[in-house]
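*Asks:* Take a look at this one; I'll ask things after.
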Amino acid sequence: MSEEIKELREKFSETVQNVSDTQTLEEIRIEYLGKKGSVTGLLKSMKNLSNEERKSFGQQVNVLKNEITEAIAKKAEQIKQKELEREISSVPEFDVSAPPVLDRGSYHPITLVQRECERVFRSMGFTVEDYSEIVTDYECFESLNIPKHHPARDMQDTYYLTNGQLLKSQTSAAQNAIYKKYRKALVEEGRPIKAIFPGRCFRNEATDACHENTFFQMEGVMVDKNISISNLIFFMKTMLSEVFRKDIKVRLRPGFFPFVEPGFELDISCLICGGEGCPSCKHSGWLELCPCGMIHPEVLKAGGIDPEEYTGFAFGLGMTRLAMMKYGVKDIRDLNSGNLKSLSQFTAE
Ligand code: FA5
């Protein structure tokens with residue numbers, strides 16, 4: 001009987017050695033460890049043995065079973081790592097001097113990053129919302145607990161239309177409408193509000209390597225009973241690890257926004273300079289990427305949601321900066337330049 005174990009062990013290690021994809025590995029797992037698998041077969045065959053033999057044979061089969069389980073887990077990890085390396089190496093490097101590829105259409109890097117973010121959040125049950133670029137003062141500021149003459153308005157000077165409307169300075173401007181759209185489903189059917197809304201934002205500010213007057217953000221909100229900071233941190237971590245597919249150094253520090261309490265600034269270590277300091281990160285080594293926090297009770301109230309019963313988190317991801325970091329674009333202004341020589345490097349698959 002031990003001969004059978006030896007043969008099975010040898011056969012398994014030969015087979016598993018050459019496996020390079022998850023599906024074949026799963027087939028092998030079933031072949032050996034499944035209900036009708038070879039190892040299970042050995043265990044079943046023990047019923048014909050004497051008590052003494054059964055004990056020693058059982059132990060040996062269990063050792064083999066553990067060896068196979070471990071080897072399969074190790075192989076699965078190796079395959080995953082290889083797939084990840086393949087994916088990372090297929091991300092195009094940004095080279096400002098590369099010749100243009102004008103015979104093929106291409107997606108803008110921000111579109112690519114936006115689609116990636118949408119994919120990640122959709123898979124976690126978030127809806128993707130579209131929102132106007134022209135909004136009212138109420139949507140952009142008042143409903144967000146920023147009354148007229150509040151100093152927080154100074155940080156977001158934007159472009160005003162003659163009719164008093166404005167080009168939205170932040171995707172948070174859509175929050176109020178989203179709460180109103182989904183509050184009935186929340187209160188009457190107990191369905192949590194889980195929504196993201198990517199969009200273009202405008203600010204009247206001097207441009208530099210990491211500031212544009214027109215840029216993209218992606219807002220996200222989740223409202224339900226008992227939502228806490230842990231939920232916020234979980235979603236932030238998942239989003240970053242899915243988008244970058246590698247370990248990113250992140251720091252969370254207190255941040256003030258009138259529409260969240262408490263509020264945080266989520267920064268990532270600058271991937272252009274590796275944290276050393278460069279113009280892309282204003283020489284700090286860190287890049288402000290995704291401010292976030294627990295939605296202020298006044299903001300929930302303005303959206304028709306009772307803050308005594310419901311809580312939620314909100315975040316405002318700087319999508320243009322995310323695209324810079326993901327594709328190694330040193331100057332944010334390249335992304336709005338319309339320069340085909342640079343942008344056509346991101347040709348769609
Ligand atoms: C806001 O706009 C808040 N609405 C974010 C928020 C949402 C906070 C929900 C809390 C809860 P801030 O002004 O810091 O915050 O901008 C958010 C992100 O947008 C920044 O971290 C940055 O990544 C990006 N951003 C801001 N200004 C610019 C700019 N001029 N150019 C490029 N990206 C910018």
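Letters A, B, ... mark the chains of the structure tokens in the order given; residue numbers begin at 1 per chain; ligand numbers begin at 1, in order shown.
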For ligand 1, list the contacting residues at 8 Å or closer, counting only C-alpha atoms and all ligand atoms, as a PyMOL selection string.
*Replies:* chain A and resi 155-156+169-173+202-203+205+207+210-217+219-221+257+259-260+263-267+287-295+313-322+332
*Asks:* Using only C-alpha atoms, which residues sit within 12 Å of Asn18 (chain A) once same-chain residues fewer than 6 positions away are excluded, as a CSV table (one decimal) with C-alpha atoms, in the first residue's frame?
*Replies:*
chain,number,residue,atom,x,y,z
A,12,PHE,CA,1.6,14.5,-8.6
A,24,THR,CA,-5.5,23.2,-15.2
A,25,LEU,CA,-4.5,23.6,-11.5
A,28,ILE,CA,-5.5,18.6,-10.9
A,75,LYS,CA,1.4,26.9,-7.3
A,79,ILE,CA,0.5,31.6,-11.2
*Asks:* Would you work out the distance separating CA of Glu83 (chain A) from CA of Thr22 (chain A), expressed in Å to one decimal?
*Replies:* 10.1 Å
*Asks:* Skipping near chain neighbours, those fewer than 6 positions away, what residues fall within 12 Å of Glu70 (chain A) using only C-alpha atoms, listed as a PyMOL selection string?
*Replies:* chain A and resi 13+16+29+33+63-64+76-77
*Asks:* Give the helix (DSSP H, G or I) residues of region 183-256 of chain A, as assigned by DSSP on the backbone, as a ChimeraX atom specification.
*Replies:* /A:183-189,229-244
*Asks:* For the structure I just gave you, how does DSSP split region 238-333 of chain A - specifically, which residues are strand (DSSP E)? Reply as a PyMOL selection string.
*Replies:* chain A and resi 250-254+260-269+286-288+292-295+311-318
*Asks:* Grab the residues selected above and save them as a short mmCIF file (atom, residue, chain, number, x, y, z; two decimals), in the first residue's frame with N, CA and C atoms.
*Replies:*
data_model
loop_
_atom_site.label_atom_id
_atom_site.label_comp_id
_atom_site.auth_asym_id
_atom_site.auth_seq_id
_atom_site.Cartn_x
_atom_site.Cartn_y
_atom_site.Cartn_z
N VAL A 250 0.66 54.52 1.35
CA VAL A 250 -0.46 55.44 1.52
C VAL A 250 -0.39 56.06 2.90
N ARG A 251 -0.82 57.34 3.03
CA ARG A 251 -0.94 57.86 4.40
C ARG A 251 -2.29 58.58 4.52
N LEU A 252 -2.87 58.45 5.71
CA LEU A 252 -4.15 59.06 5.99
C LEU A 252 -3.91 60.09 7.07
N ARG A 253 -4.31 61.33 6.81
CA ARG A 253 -4.10 62.36 7.84
C ARG A 253 -5.38 63.19 7.95
N PRO A 254 -5.57 63.88 9.06
CA PRO A 254 -6.79 64.66 9.21
C PRO A 254 -6.89 65.72 8.12
N VAL A 260 -17.78 66.85 5.55
CA VAL A 260 -17.51 65.57 6.23
C VAL A 260 -17.05 65.83 7.67
N GLU A 261 -17.32 64.88 8.52
CA GLU A 261 -16.86 64.99 9.90
C GLU A 261 -16.79 63.60 10.52
N PRO A 262 -15.63 63.03 10.82
CA PRO A 262 -14.32 63.61 10.58
C PRO A 262 -13.93 63.52 9.09
N GLY A 263 -12.93 64.33 8.72
CA GLY A 263 -12.46 64.31 7.34
C GLY A 263 -10.98 63.91 7.29
N PHE A 264 -10.59 63.33 6.16
CA PHE A 264 -9.21 62.86 6.01
C PHE A 264 -8.64 63.26 4.65
N GLU A 265 -7.34 63.33 4.60
CA GLU A 265 -6.64 63.45 3.32
C GLU A 265 -5.93 62.12 3.12
N LEU A 266 -6.19 61.49 1.99
CA LEU A 266 -5.47 60.24 1.69
C LEU A 266 -4.42 60.57 0.63
N ASP A 267 -3.16 60.43 1.00
CA ASP A 267 -2.06 60.73 0.07
C ASP A 267 -1.38 59.43 -0.34
N ILE A 268 -0.81 59.43 -1.56
CA ILE A 268 0.02 58.27 -1.92
C ILE A 268 1.45 58.76 -2.16
N SER A 269 2.38 57.87 -1.89
CA SER A 269 3.78 58.20 -2.13
C SER A 269 3.95 58.44 -3.64
N TRP A 286 4.86 63.23 -1.52
CA TRP A 286 3.49 62.70 -1.37
C TRP A 286 2.55 63.45 -2.30
N LEU A 287 1.53 62.76 -2.76
CA LEU A 287 0.56 63.40 -3.64
C LEU A 287 -0.84 63.26 -3.04
N GLU A 288 -1.51 64.41 -2.87
CA GLU A 288 -2.90 64.36 -2.36
C GLU A 288 -3.75 63.70 -3.41
N CYS A 292 -11.41 62.27 1.93
CA CYS A 292 -12.59 61.47 2.24
C CYS A 292 -13.04 61.72 3.67
N GLY A 293 -14.14 61.13 4.06
CA GLY A 293 -14.59 61.29 5.44
C GLY A 293 -16.02 60.80 5.62
N MET A 294 -16.50 60.96 6.85
CA MET A 294 -17.87 60.55 7.15
C MET A 294 -18.79 61.74 6.83
N ILE A 295 -19.85 61.46 6.10
CA ILE A 295 -20.73 62.54 5.60
C ILE A 295 -21.32 63.33 6.78
N THR A 311 -25.83 56.73 8.51
CA THR A 311 -24.51 57.38 8.41
C THR A 311 -23.91 56.99 7.06
N GLY A 312 -22.83 57.64 6.68
CA GLY A 312 -22.24 57.28 5.40
C GLY A 312 -20.86 57.88 5.24
N PHE A 313 -20.15 57.40 4.21
CA PHE A 313 -18.86 58.01 3.90
C PHE A 313 -18.89 58.58 2.49
N ALA A 314 -17.97 59.50 2.24
CA ALA A 314 -17.83 60.07 0.90
C ALA A 314 -16.35 60.25 0.61
N PHE A 315 -15.99 60.13 -0.67
CA PHE A 315 -14.60 60.42 -1.04
C PHE A 315 -14.58 61.14 -2.38
N GLY A 316 -13.50 61.86 -2.62
CA GLY A 316 -13.37 62.60 -3.88
C GLY A 316 -12.00 62.31 -4.49
N LEU A 317 -11.97 61.26 -5.30
CA LEU A 317 -10.70 60.80 -5.88
C LEU A 317 -10.23 61.73 -6.99
N GLY A 318 -8.98 62.14 -6.94
CA GLY A 318 -8.42 62.97 -8.02
C GLY A 318 -8.02 62.07 -9.17
#
*Asks:* Which residues are near region 113-124 of chain A? Cut-off 10 Å, only C-alpha atoms, ignore same chain within fewer than 5 positions. Put them as a list in words.
*Replies:* His108, Lys194, Ala195, Ile196, Phe197, Pro198, Gly199, Phe216, Gln217, Met218, Gly220, Phe235, Thr238, Met239, Leu240, Glu242, Val243, Phe244, Leu317, Met319, Thr320, Leu322, Ala323, Met324, Lys326 and Tyr327 of chain A
*Asks:* Keeping only N, CA, C and O atoms, write the selected residues as a CSV table (one decimal), in the first residue's frame.
*Replies:*
chain,number,residue,atom,x,y,z
A,108,HIS,N,-8.0,58.1,-24.1
A,108,HIS,CA,-7.3,59.0,-23.3
A,108,HIS,C,-6.9,58.3,-22.0
A,108,HIS,O,-7.8,57.5,-21.5
A,194,LYS,N,-25.1,53.3,-2.7
A,194,LYS,CA,-23.7,53.1,-3.1
A,194,LYS,C,-23.5,53.6,-4.5
A,194,LYS,O,-24.0,53.0,-5.4
A,195,ALA,N,-22.9,54.8,-4.6
A,195,ALA,CA,-22.8,55.4,-6.0
A,195,ALA,C,-21.5,56.0,-6.1
A,195,ALA,O,-20.9,56.5,-5.2
A,196,ILE,N,-21.0,56.0,-7.4
A,196,ILE,CA,-19.8,56.8,-7.7
A,196,ILE,C,-20.2,57.7,-8.9
A,196,ILE,O,-21.1,57.4,-9.7
A,197,PHE,N,-19.6,58.9,-8.9
A,197,PHE,CA,-19.9,59.8,-10.0
A,197,PHE,C,-18.6,60.5,-10.5
A,197,PHE,O,-18.2,61.4,-9.9
A,198,PRO,N,-18.1,59.9,-11.6
A,198,PRO,CA,-16.9,60.6,-12.2
A,198,PRO,C,-17.3,61.8,-12.9
A,198,PRO,O,-18.4,61.9,-13.4
A,199,GLY,N,-16.4,62.8,-13.0
A,199,GLY,CA,-16.8,64.0,-13.8
A,199,GLY,C,-15.7,65.0,-13.9
A,199,GLY,O,-14.7,65.0,-13.1
A,216,PHE,N,-10.2,65.9,-13.7
A,216,PHE,CA,-11.3,64.9,-13.4
A,216,PHE,C,-11.2,64.4,-11.9
A,216,PHE,O,-10.1,64.2,-11.4
A,217,GLN,N,-12.4,64.3,-11.4
A,217,GLN,CA,-12.5,63.7,-10.0
A,217,GLN,C,-13.5,62.5,-10.1
A,217,GLN,O,-14.2,62.4,-11.1
A,218,MET,N,-13.4,61.7,-9.2
A,218,MET,CA,-14.5,60.7,-9.1
A,218,MET,C,-15.0,60.6,-7.6
A,218,MET,O,-14.2,60.3,-6.7
A,220,GLY,N,-17.4,59.3,-4.6
A,220,GLY,CA,-18.1,58.1,-4.2
A,220,GLY,C,-18.8,58.3,-2.9
A,220,GLY,O,-18.3,59.0,-2.0
A,235,PHE,N,-12.9,50.3,1.4
A,235,PHE,CA,-13.2,50.6,0.0
A,235,PHE,C,-12.0,51.3,-0.6
A,235,PHE,O,-11.7,51.1,-1.8
A,238,THR,N,-9.2,48.7,-1.2
A,238,THR,CA,-9.5,47.8,-2.3
A,238,THR,C,-9.3,48.6,-3.7
A,238,THR,O,-8.7,48.0,-4.6
A,239,MET,N,-9.8,49.8,-3.7
A,239,MET,CA,-9.8,50.5,-5.0
A,239,MET,C,-8.3,50.7,-5.4
A,239,MET,O,-7.9,50.4,-6.5
A,240,LEU,N,-7.4,51.2,-4.5
A,240,LEU,CA,-6.1,51.4,-4.8
A,240,LEU,C,-5.3,50.2,-5.2
A,240,LEU,O,-4.5,50.2,-6.2
A,242,GLU,N,-6.6,47.5,-6.5
A,242,GLU,CA,-7.1,47.0,-7.8
A,242,GLU,C,-6.5,47.8,-8.9
A,242,GLU,O,-6.2,47.3,-10.0
A,243,VAL,N,-6.5,49.2,-8.7
A,243,VAL,CA,-6.1,50.0,-9.8
A,243,VAL,C,-4.6,49.9,-10.1
A,243,VAL,O,-4.1,49.8,-11.2
A,244,PHE,N,-3.8,49.9,-9.0
A,244,PHE,CA,-2.3,49.9,-9.2
A,244,PHE,C,-1.7,48.5,-9.3
A,244,PHE,O,-0.7,48.3,-9.9
A,317,LEU,N,-12.0,61.3,-5.3
A,317,LEU,CA,-10.7,60.8,-5.9
A,317,LEU,C,-10.2,61.7,-7.0
A,317,LEU,O,-11.0,62.1,-7.9
A,319,MET,N,-8.9,61.9,-10.1
A,319,MET,CA,-8.7,60.9,-11.2
A,319,MET,C,-7.6,61.3,-12.2
A,319,MET,O,-6.8,60.5,-12.6
A,320,THR,N,-7.4,62.6,-12.4
A,320,THR,CA,-6.4,63.1,-13.3
A,320,THR,C,-5.0,62.7,-12.6
A,320,THR,O,-4.1,62.2,-13.3
A,322,LEU,N,-4.5,60.4,-10.5
A,322,LEU,CA,-4.4,58.9,-10.5
A,322,LEU,C,-3.8,58.5,-11.8
A,322,LEU,O,-2.9,57.6,-11.9
A,323,ALA,N,-4.3,59.1,-12.9
A,323,ALA,CA,-3.8,58.7,-14.3
A,323,ALA,C,-2.3,59.1,-14.4
A,323,ALA,O,-1.5,58.3,-14.9
A,324,MET,N,-1.9,60.2,-13.8
A,324,MET,CA,-0.5,60.6,-13.8
A,324,MET,C,0.3,59.5,-13.1
A,324,MET,O,1.4,59.1,-13.6
A,326,LYS,N,-0.5,56.4,-12.4
A,326,LYS,CA,-0.5,55.1,-13.0
A,326,LYS,C,0.3,55.0,-14.3
A,326,LYS,O,1.0,54.0,-14.5
A,327,TYR,N,0.3,56.1,-15.1
A,327,TYR,CA,1.1,56.0,-16.3
A,327,TYR,C,2.4,56.7,-16.3
A,327,TYR,O,3.1,56.9,-17.3
*Asks:* Would you compute the distance between CA of Lys35 (chain A) and CA of Thr15 (chain A)? Give it in Å to one decimal.
*Replies:*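 We find that CA of Lys35 (chain A) and CA of Thr15 (chain A) lie 19.5 Å from each other.
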